[in-house]
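Remarks on the structure that follows.
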Amino acid sequence: MDLSFTEEQNLLRDSVRKFVDSQYDISVRNKLSASPTGFSQEYWQQFADLGWLALPFSEEDGGIGGTPVDTMVLMEEFGRGLVLEPYLATVVMFGSAISMAGSDAQKATLLPAIMDGSLMASFAYAEAQSHHDLNNIETSAVAEGDGYVLNGTKCVVLNAQSAGKLLVSTRTSGASQDHDGITLFIVDAEASGIKRIDYPTVDGLRAADISFTDVRVSAADQVGELGKGYTIVASIANRAILALAAEAVGAMEVLYQDTIAYTKQRKQFDHPLSEFQVLKHRMTEMFMEHALAKSLCIKATMLETQGLETQGSAETQRTIHALKYLIGKSSRFVGQNAVQLHGGMGMTEELRVAHYFKRLMIIDSQFGNTDHHLERFVA
Amino acid sequence: MDIEFSTADLAFQQDIQAFIKANLPKGMEMWTKRAEWFQALRDKGGWDVAKWPVEFGGPGFTPTQRYIFDMEMARNSTPPQIPFGVTMLAPILMNYGTKEQQDRFLPSIRDGSVNWCQGYSEPGAGSDLANLQTKAVLSADGSHYVVNGQKIWTTLAHIAHWMFCLVRTSSTGVKQEGITFLLIPMNDPGIEIKPIITLGGSHSVNEVYITDVKVPVADRIGEEGKGWTYAKGLLVHERTGLAGIQNSVLGLSKARKNALKVKVGDGTLMDVPAFRNKLGALEAELLALEFTELRSLASVSAGSDPGPESSIMKLKGTEIQQRISELNLEAAGVYAAAWGEQVGPGFARAATSAYLGTRATTIFGGASEVQKDVIAKNVLGLGS
């Protein structure tokens with residue numbers, strides 16, 4: 001057993017950390033979040049130049065051949081800076097779907113465009129009635145001519161506004177909650193029949209509800225086998241959960257450390273808050289929650305990495321359920337107490353605590369919340 | 001990164017498993033054949049003293065081997081070793097004792113012929129251990145100490161031949177600096193032992209009264225006034241061992257099996273969402289804690305210190321032990337009340353006394369609240 005990071009991984013961590021520390025001050029983030037695109041195109045190009053957008057793709061696809069551990073290293077640092085650029089949507093969600101299940105032609109056209117920064121993309125999976133069930137899909141795809149016609153509505157599609165391509169989960173057969181009969185299609189974001197309602201998310205990102213009315217796709221746009229899309233959706237969800245968990249671990253670290261720093265300088269009753277035992281103990285618990293969440297994040301990511309050759313295992317799936325549960329639980333504890341211990345200042349937009357708090361709050365709602373995953377873990 | 005143990009470590013694990021299969025006493029023999037079991041461990045190459053270094057007859061395990069060894073022993077519920085001599089006193093003798101003291105005490109510690117108890121806590125010195133008041137006064141000729149005072153919560157004092165003891169030899173200066181480490185024979189007429197019956201109805205801890213007991217200077221460990229330093233290293237050792245992760249892993253899987261046997265309506269207790277979710281939450285947290293221990297191990301194996309995460313092991317580990325005991329108590333249902341008669345399911349009887357007994361785990365070896373103070377100060381740098 002070896003839990004040390006490789007030299008490349010340490011270099012990656014250092015370079016992402018340097019980027020975040022020097023270029024992702026909270027005031028910069030706030031400005032970018034309020035800008036028309038909601039992030040920096042310039043930074044995105046920087047990510048491409050540094051090879052970060054090529055990180056998880058195989059060398060034969062022109063990528064760097066990184067593992068989920070590499071993505072974890074990068075996402076943890078992104079979490080420390082609350083990075084806004086659509087890495088999760090484009091590289092982790094859309095990108096891993098194409099590299100796992102895409103045709104040779106799809107890989108050849110889409111992956112280079114993702115890696116050089118020219119294509120952003122997203123994954124439209126959620127629907128109003130699905131709550132957290134990835135198999136609950138009513139958006140239909142009906143065969144017509146040499147392709148399909150899509151009808152339905154997808155919700156809270158992350159970074160849809162900047163996406164050139166959308167991966168859409170549709171129902172090609174069966175009832176709305178069947179696991180069989182789900183098929184994935186790549187849809188051009190500008191295709192006729194698509195209507196988007198763009199909005200900011202509470203954590204400073206962007207999302208959209210997207211309706212599809214008689215949107216035509218060709219058979220060549222199908223990803224994976226007809227009706228067998230659920231396993232791909234579940235695989236994307238696992239990758240997304242691991243990335244979100246690492247992001248949450250980074251964000252929690254900032255929160256507990258900011259809280260320690262704040263309580264050392266804030267005085268009440270003639271003493272720094274850090275001297276009050278009830279607060280010291282609370283911060284110890286925050287530290288503990290973070291440490292445990294980080295441990296399970298590393299374990300689940302290592303299992304997923306190991307499973308690249310073995311197509312995963314029941315243990316990996318179980319550990320990912322446990323992870324998403326624990327991340328939600330610890331994020332809530334660390335987030336709430338960071339705000340609480342900052343007192344009134346914790347309620348303001350001015351301190352970065354509030355922004356980390358909101359990001360953690362939303363991570364729990366993505367790809368299944370604590371209850372959803374606890375149910376599946378304990379089963 | 002590689003989550004698997006190395007081939008050599010896996011082979012070592014198989015070796016232990018085969019050894020356990022061949023030698024572990026079954027059923028009631030667990031109690032009658034203890035000595036044979038420990039002898040077999042010894043013959044295997046010092047496995048009876050797994051943590052001892054090679055020069056003292058230990059097996060010289062690497063940190064990973066020791067982890068695997070402890071894990072397999074816990075998973076297979078092998079007879080536990082009474083820790084006071086082998087695990088707690090022996091390292092102090094090895095580090096600070098004289099050659100003569102080592103030769104005199106280590107062999108009988110190892111073969112279990114001499115039992116030890118730990119004389120640390122006092123009525124006025126619990127979490128604030130350095131406040132201890134038992135006095136040792138050096139005789140005029142400098143040949144021996146005269147010891148007077150009282151110890152409390154002394155586990156197994158009633159079967160111990162010797163007690164390793166912290167006493168006060170000076171009351172000036174910082175309270176930690178006037179403490180000395182002495183070895184005291186329990187058959188001295190000045191030693192009086194009074195049992196304390198704990199809330200689970202059992203007798204394992206005692207009060208020990210010490211009146212005019214003469215201890216030769218030769219039975220002092222190290223220098224006078226340095227006892228606190230010697231004991232402190234040991235306390236850290238005690239804490240990391242108290243997390244009991246592998247016992248909890250085993251205990252929690254048993255709790256799940258118990259719950260599946262408990263009928264509730266047309267299903268089992270595992271179909272009751274409130275219970276199931278508590279069990280699931282605990283399983284998830286234990287997975288995380290187990291891997292936290294591995295992270296510390298990996299750090300130590302790589303030649304670094306165990307890392308700040310290791311500080312949470314005792315704190316979180318004992319909390320988890322208590323929560324497992326709660327699940328079993330709930331699974332016992334109405335039989336949680338039955339006491340002393342062979343009624344109800346077998347696990348229910350054990351559940352009640354385990355729930356009661358496990359209360360102690362967040363108190364001994366540094367209460368959880370003290371652990372939090374220590375982490376806040378040493379790891380998070382939070383001021384007084």
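Following the order of the structure tokens, first chain is A, next is B, and so on, with residues numbered from 1 inside each chain and ligands from 1 in the order they appear.
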> Mind listing as a PyMOL selection string which residues of chain A are within 7 Å of chain B, counting only C-alpha atoms?
Replying inline: chain A and resi 1-5+274-275+280-281+284+288+291-293+295-296+299+302+322+326+374+377-378
Print the selection's residues with C-alpha atoms to a file, as a PDB file, in the first residue's frame.
```pdb
ATOM      1  CA  MET A   1       0.000   0.000   0.000  1.00  0.00           C
ATOM      2  CA  ASP A   2       1.265   3.426  -0.934  1.00  0.00           C
ATOM      3  CA  LEU A   3      -0.676   6.578  -0.137  1.00  0.00           C
ATOM      4  CA  SER A   4       1.929   9.016  -1.346  1.00  0.00           C
ATOM      5  CA  PHE A   5       1.342  11.219  -4.334  1.00  0.00           C
ATOM      6  CA  SER A 274      -9.990  31.302  20.282  1.00  0.00           C
ATOM      7  CA  GLU A 275      -9.496  31.083  24.045  1.00  0.00           C
ATOM      8  CA  LYS A 280     -12.047  25.521  20.636  1.00  0.00           C
ATOM      9  CA  HIS A 281     -13.956  22.286  20.858  1.00  0.00           C
ATOM     10  CA  THR A 284     -11.682  20.699  16.780  1.00  0.00           C
ATOM     11  CA  MET A 288     -12.165  16.264  12.565  1.00  0.00           C
ATOM     12  CA  ALA A 291     -10.079  14.993   8.153  1.00  0.00           C
ATOM     13  CA  LEU A 292     -12.594  12.133   7.975  1.00  0.00           C
ATOM     14  CA  ALA A 293     -14.193  13.421   4.784  1.00  0.00           C
ATOM     15  CA  SER A 295      -9.816  10.224   4.162  1.00  0.00           C
ATOM     16  CA  LEU A 296     -12.907   8.751   2.577  1.00  0.00           C
ATOM     17  CA  LYS A 299     -10.145   5.981  -0.414  1.00  0.00           C
ATOM     18  CA  MET A 302      -8.223   5.221  -5.127  1.00  0.00           C
ATOM     19  CA  ALA A 322     -20.665   6.546   1.705  1.00  0.00           C
ATOM     20  CA  LEU A 326     -20.257  11.918   4.517  1.00  0.00           C
ATOM     21  CA  LEU A 374     -27.124   6.936   2.779  1.00  0.00           C
ATOM     22  CA  PHE A 377     -25.052   2.787   1.018  1.00  0.00           C
ATOM     23  CA  VAL A 378     -26.837   1.009   3.843  1.00  0.00           C
TER      24      VAL A 378
END
```
>> I'd like the contact shell of A:Leu32 - 12 Å cut-off, only C-alpha atoms, skipping same-chain residues fewer than 6 positions apart - returned as a list in words.
In response: Gln23, Tyr24, Asp25, Ile26, Gly38, Phe39, Ser40, Gln41, Glu42, Tyr43, Leu82, Val83, Leu84, Glu85, Gly204, Leu205 and Arg206 of chain A
> atom CA of A:Arg216 to atom CA of A:Asn151: how many Å, to one decimal?
Replying inline: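 Rounded to one decimal, the two atoms are 9.4 Å apart.
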>> Residues near A:Tyr325, anyone? I mean within 9 Å using only C-alpha atoms, not counting same-chain ones fewer than 3 positions away, as a PyMOL selection string.
In response: (chain A and resi 320-322+328-330+364+368-374+377) or (chain B and resi 281+284)
So that I have them on file, write out the residues from the current selection with N, CA and C atoms, as a short mmCIF file (atom, residue, chain, number, x, y, z; two decimals), in the first residue's frame.
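Saved to again.cif:
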```cif
data_model
loop_
_atom_site.label_atom_id
_atom_site.label_comp_id
_atom_site.auth_asym_id
_atom_site.auth_seq_id
_atom_site.Cartn_x
_atom_site.Cartn_y
_atom_site.Cartn_z
N ILE A 320 -18.42 5.08 -2.75
CA ILE A 320 -18.82 6.37 -3.32
C ILE A 320 -20.13 6.85 -2.69
N HIS A 321 -21.05 5.93 -2.46
CA HIS A 321 -22.28 6.32 -1.73
C HIS A 321 -21.93 6.84 -0.34
N ALA A 322 -21.06 6.12 0.35
CA ALA A 322 -20.66 6.55 1.70
C ALA A 322 -20.01 7.92 1.66
N GLY A 328 -21.68 15.42 2.46
CA GLY A 328 -22.84 16.28 2.74
C GLY A 328 -22.95 16.59 4.22
N LYS A 329 -22.76 15.56 5.02
CA LYS A 329 -22.87 15.72 6.47
C LYS A 329 -21.77 16.64 7.00
N SER A 330 -20.53 16.38 6.60
CA SER A 330 -19.44 17.19 7.16
C SER A 330 -19.46 18.60 6.60
N ASP A 364 -24.07 19.47 -1.95
CA ASP A 364 -24.91 18.39 -1.41
C ASP A 364 -26.11 18.09 -2.31
N GLY A 368 -27.21 13.67 -6.04
CA GLY A 368 -27.72 12.92 -4.89
C GLY A 368 -27.24 13.50 -3.57
N ASN A 369 -28.18 13.79 -2.67
CA ASN A 369 -27.80 14.39 -1.39
C ASN A 369 -27.50 13.31 -0.34
N THR A 370 -27.29 13.74 0.89
CA THR A 370 -26.89 12.80 1.95
C THR A 370 -27.90 11.66 2.11
N ASP A 371 -29.18 12.01 2.17
CA ASP A 371 -30.20 10.98 2.39
C ASP A 371 -30.22 9.97 1.24
N HIS A 372 -30.15 10.50 0.02
CA HIS A 372 -30.17 9.64 -1.16
C HIS A 372 -29.04 8.60 -1.10
N HIS A 373 -27.86 9.06 -0.78
CA HIS A 373 -26.72 8.15 -0.80
C HIS A 373 -26.64 7.27 0.44
N LEU A 374 -27.10 7.77 1.58
CA LEU A 374 -27.12 6.94 2.78
C LEU A 374 -28.05 5.74 2.56
N PHE A 377 -26.23 3.37 0.37
CA PHE A 377 -25.05 2.79 1.02
C PHE A 377 -25.45 1.68 2.00
N ALA B 281 -24.98 5.46 8.79
CA ALA B 281 -24.15 6.63 9.10
C ALA B 281 -22.89 6.19 9.84
N ALA B 284 -20.44 4.45 7.51
CA ALA B 284 -19.71 5.40 6.67
C ALA B 284 -18.61 6.10 7.47
#
```
>> Residues near A:Met283, anyone? I mean within 9 Å using only C-alpha atoms, not counting same-chain ones fewer than 2 positions away, as a list in words.
In response: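 Near A:Met283, the qualifying residues are Tyr256, Gln257, Thr259, Ile260, Val278, Leu279, Lys280, His281, Glu285, Met286, Phe287, Met288, Val334, Asn337, Ala338 and Leu341 of chain A; Ala376 and Leu380 of chain B.
Rounded to one decimal, atom CA of B:Lys33 and atom CA of B:Ala350 lie 22.7 Å from each other.
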> Which residues in stretch 33-234 of chain A does DSSP call helix (DSSP H, G or I)? List them as a VMD selection string.
Replying inline: chain A and resid 33 to 34 41 to 50 52 to 54 59 to 61 68 to 81 87 to 101 104 to 115 160 to 162 219 to 221 229 to 234
>> Need the shell around A:His355: protein/DNA/RNA residues with any atom at most 10 Å away, counting only C-alpha atoms. Skip same-chain ones fewer than 3 positions apart. Format as JSON, numbers by chain?
In response: {"A": [26, 29, 30, 82, 202, 203, 204, 251, 255, 335, 346, 348, 349, 350, 351, 352, 358, 359, 360, 361]}
> Any idea what's packed within 9 Å of stretch 96-105 of chain A, counting only C-alpha atoms, ignoring anything in its chain fewer than 2 positions away? Could you give it as a list in words?
Replying inline: Pro56, Phe57, Ser58, Asp61, Thr90, Val91, Val92, Met93, Phe94, Lys107, Ala108, Thr109, Leu110, Leu111, Leu167, Ala220, Gln222, Val223, Gly224, Glu225, Ile232, Val233, Ser235, Ile236 and Arg239 of chain A
> At what distance in Å, to one decimal, does atom CA of B:Val300 lie from atom CA of B:Leu93?
Replying inline: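 Distance reported for this atom pair: 23.5 Å.
Of the residues under consideration (A:Leu119, A:Met252, A:Ala191, A:Ile362), A:Ala191 shows the shortest atom-to-atom contact distance to A:Leu150 when counting only C-alpha atoms.
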>> So that I can check the secondary structure, give me every residue of stretch 64-170 of chain A assigned strand (DSSP E) by backbone DSSP, as a ChimeraX atom specification.
In response: /A:121-124,140-144,147-158,165-170
> Within 12 Å of B:Val272, counting only C-alpha atoms, which residues qualify if same-chain residues fewer than 3 places away don't, as a PyMOL selection string?
Replying inline: (chain A and resi 375+378-379) or (chain B and resi 259-260+262-269+275-279+330-331)
Since we have the selection now, will you write its residues out, keeping C-alpha atoms, as a PDB file, in the first residue's frame?
```pdb
ATOM      1  CA  GLU A 375     -30.173   4.930   1.665  1.00  0.00           C
ATOM      2  CA  VAL A 378     -26.837   1.009   3.843  1.00  0.00           C
ATOM      3  CA  ALA A 379     -28.978  -1.163   1.559  1.00  0.00           C
TER       4      ALA A 379
ATOM      5  CA  ALA B 259     -30.554  -6.384  13.500  1.00  0.00           C
ATOM      6  CA  LEU B 260     -31.377  -8.726  10.629  1.00  0.00           C
ATOM      7  CA  VAL B 262     -34.734  -9.016  15.061  1.00  0.00           C
ATOM      8  CA  LYS B 263     -38.273  -9.280  13.680  1.00  0.00           C
ATOM      9  CA  VAL B 264     -40.243  -6.059  13.431  1.00  0.00           C
ATOM     10  CA  GLY B 265     -43.700  -6.486  11.913  1.00  0.00           C
ATOM     11  CA  ASP B 266     -43.325  -8.450   8.692  1.00  0.00           C
ATOM     12  CA  GLY B 267     -39.699  -7.485   8.278  1.00  0.00           C
ATOM     13  CA  THR B 268     -36.626  -7.017  10.426  1.00  0.00           C
ATOM     14  CA  LEU B 269     -35.108  -4.142  12.343  1.00  0.00           C
ATOM     15  CA  PHE B 275     -32.473   2.349  12.716  1.00  0.00           C
ATOM     16  CA  ARG B 276     -31.057   1.511   9.304  1.00  0.00           C
ATOM     17  CA  ASN B 277     -29.916   5.061   8.698  1.00  0.00           C
ATOM     18  CA  LYS B 278     -28.177   5.283  12.053  1.00  0.00           C
ATOM     19  CA  LEU B 279     -26.333   2.075  11.263  1.00  0.00           C
ATOM     20  CA  GLU B 330     -31.784  -0.892  20.585  1.00  0.00           C
ATOM     21  CA  ALA B 331     -31.729  -4.219  18.773  1.00  0.00           C
TER      22      ALA B 331
END
```
> With distances taken over only C-alpha atoms, which of A:Thr183, A:Thr37, A:Ser176, A:Thr319 is nearest to A:Ala160?
Replying inline: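 Closest to A:Ala160 of all the choices is A:Thr37.
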